[in-house]
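What follows is a set of notes on a single structure, which appears directly below.
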Amino acid sequence: FDRSRQLVSVPVESLMALRSGLQVLMVPVTRTAWGLYLRSSPGLLATSQTTAEIVAKQVNEARGKEGGRIIQRLQRTIGRWTSKAGATWERLGQAEPSSWRGRLYGLGTRLQERIDDREWFLKSVPTTAQMEQGVVTRFQLLAPSTLAKDRVTDYVRKVASQGVDRHRRWFYFNAALMPFTALLVVVPGPNLPWFWNGYRCLSHWSAWKGAQKLNTALSDEVEVGRDTVLDALTEEVNQKSGRLDDDAIERAAKHFDEPDLARTLKRVRFQVERLKSTHFELE
């Protein structure tokens, strides 16, 4: 491939002939709203020397932008904190719904459903450490054939570029609030504002760094694949109720063997229909 930025349309069969990598799914949720989902696929590891050089370039650029070993060590530390917090949160979900832990889990779940789904998508982008270990080769986009390639790539690039600025600002804002929310420890009971603010701080950090990685991965050639199931979902949305129903969502999750895809699509649908979000629309 030419090293300059270009669009390359490839069939899904060609992608699956390769070995391992990551793929960005672009799934219709309503007639105007689209959900993004990052999945691992055993068919996306490029084996050419050119691609290896591109990946090495991505890692080196990421290192330079992040300030070297200190930032990488901080990223690993934050990753461990995030994993530990996630495990603690899942244990809360096992409590009786009527207990204070169960009610806290229910409240937190409702708040999480209101977090912009683009943030969840950016948080799923692997870290530089994973790139170094060969987990990430490059990002490849999979979208319905009704969407032009430039609309697909422009939308994903917009999500990444806007995510860098938005989540950087919010990270510093939440970080600045940490000392003030910590003062609430004198109030009886758990310091929920401090925990929530800390969670949002870590979340914005992960989304900020994920957006940077996505920008880097999309800075060179972009491969756009097509899928017949995405075509069928698009036709179903356009010809029926104008939205993706639960049955169609479950079919998509089963087709891609991604149970979390169902949760993502339902979250986008909730944010579009109930919260009236317009962030998921193409220009």
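Each chain of the structure tokens is named A, B, ... in the order shown, its residues numbered from 1; ligands are numbered from 1 in display order.
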
Could you go through stretch 173-229 of chain A and tell me which residues DSSP, when run on the backbone, assigns to strand (DSSP E), listing them as a PyMOL selection string? chain A and resi 222-226

Tell me which protein, DNA and RNA residues are within 8 Å of A:Tyr105, counting only C-alpha atoms, leaving out same-chain ones fewer than 3 positions away, and put them as a ChimeraX atom specification. /A:89,92-93,101-102,108-109

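Considering only C-alpha atoms, the residue among A:Val268, A:Leu230, A:Leu202, A:Leu214 positioned nearest to A:Tyr172 is A:Leu202.
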
Measuring atom to atom with only C-alpha atoms, identify which of A:Gln112, A:Asn215, A:Gln94, A:Asn238 is nearest to A:Tyr155. A:Asn215

From a backbone DSSP assignment, name each residue in stretch 149-256 of chain A labelled helix (DSSP H, G or I), as JSON, numbers by chain. {"A": [149, 150, 151, 152, 153, 154, 155, 156, 157, 158, 159, 160, 161, 162, 163, 164, 165, 166, 167, 168, 169, 170, 171, 172, 173, 174, 175, 176, 177, 178, 179, 180, 181, 182, 183, 184, 185, 186, 192, 193, 194, 195, 196, 197, 198, 199, 200, 201, 202, 203, 204, 205, 206, 207, 208, 209, 210, 211, 212, 213, 214, 215, 216, 217, 228, 229, 230, 231, 232, 233, 234, 235, 236, 237, 238, 239, 246, 247, 248, 249, 250, 251, 252, 253, 254, 255, 256]}

For atom CA of A:Glu113 and atom CA of A:Arg269, quote the distance in Å rounded to one decimal. 10.6 Å

For a quick check of understanding, using only C-alpha atoms, which of A:Phe195, A:Phe173, A:Phe121, A:Phe180 has the smallest distance to A:Ala207? A:Phe121

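Residue nearest A:Tyr37, chosen from A:Ala232, A:Leu261, A:Ala182, A:Leu141 and counting only C-alpha atoms: A:Leu261.
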
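Here the question is which of A:Ala148, A:Cys201, A:Val29, A:Ala262 gets nearest to A:Arg169 using only C-alpha atoms, and that residue is A:Cys201.
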
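Proximity of A:Ala87, A:Val187, A:Ala175, A:Leu218 to A:Ser161, computed with only C-alpha atoms, is greatest for A:Leu218.
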
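Atom CA of A:Ser99 is positioned 24.9 Å from atom CA of A:Thr181.
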
For A:Val125: contacts at 8 Å, only C-alpha atoms, fewer than 3 positions along chain excluded, given as a PyMOL selection string: chain A and resi 38+121-122+210-211+213-214

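Going from atom CA of A:Pro28 to atom CA of A:Gly163 covers 20.8 Å.
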
Quick one: residues within 12 Å of stretch 240-254 of chain A, only C-alpha atoms, excluding same-chain residues fewer than 5 positions away - as a ChimeraX atom specification? /A:25-35,37,39,227-235,259-270,272-273

With only C-alpha atoms as the counted atoms, please give the residues lying no more than 8 Å from A:His204, apart from itself and same-chain residues fewer than 6 positions off, as a CSV table (one decimal) with C-alpha atoms, in the first residue's frame.
```
chain,number,residue,atom,x,y,z
A,119,GLU,CA,-16.9,7.8,25.6
A,167,HIS,CA,-12.0,14.3,27.4
A,168,ARG,CA,-8.7,16.2,28.1
A,170,TRP,CA,-13.0,17.1,31.5
A,171,PHE,CA,-10.1,15.0,32.9
```
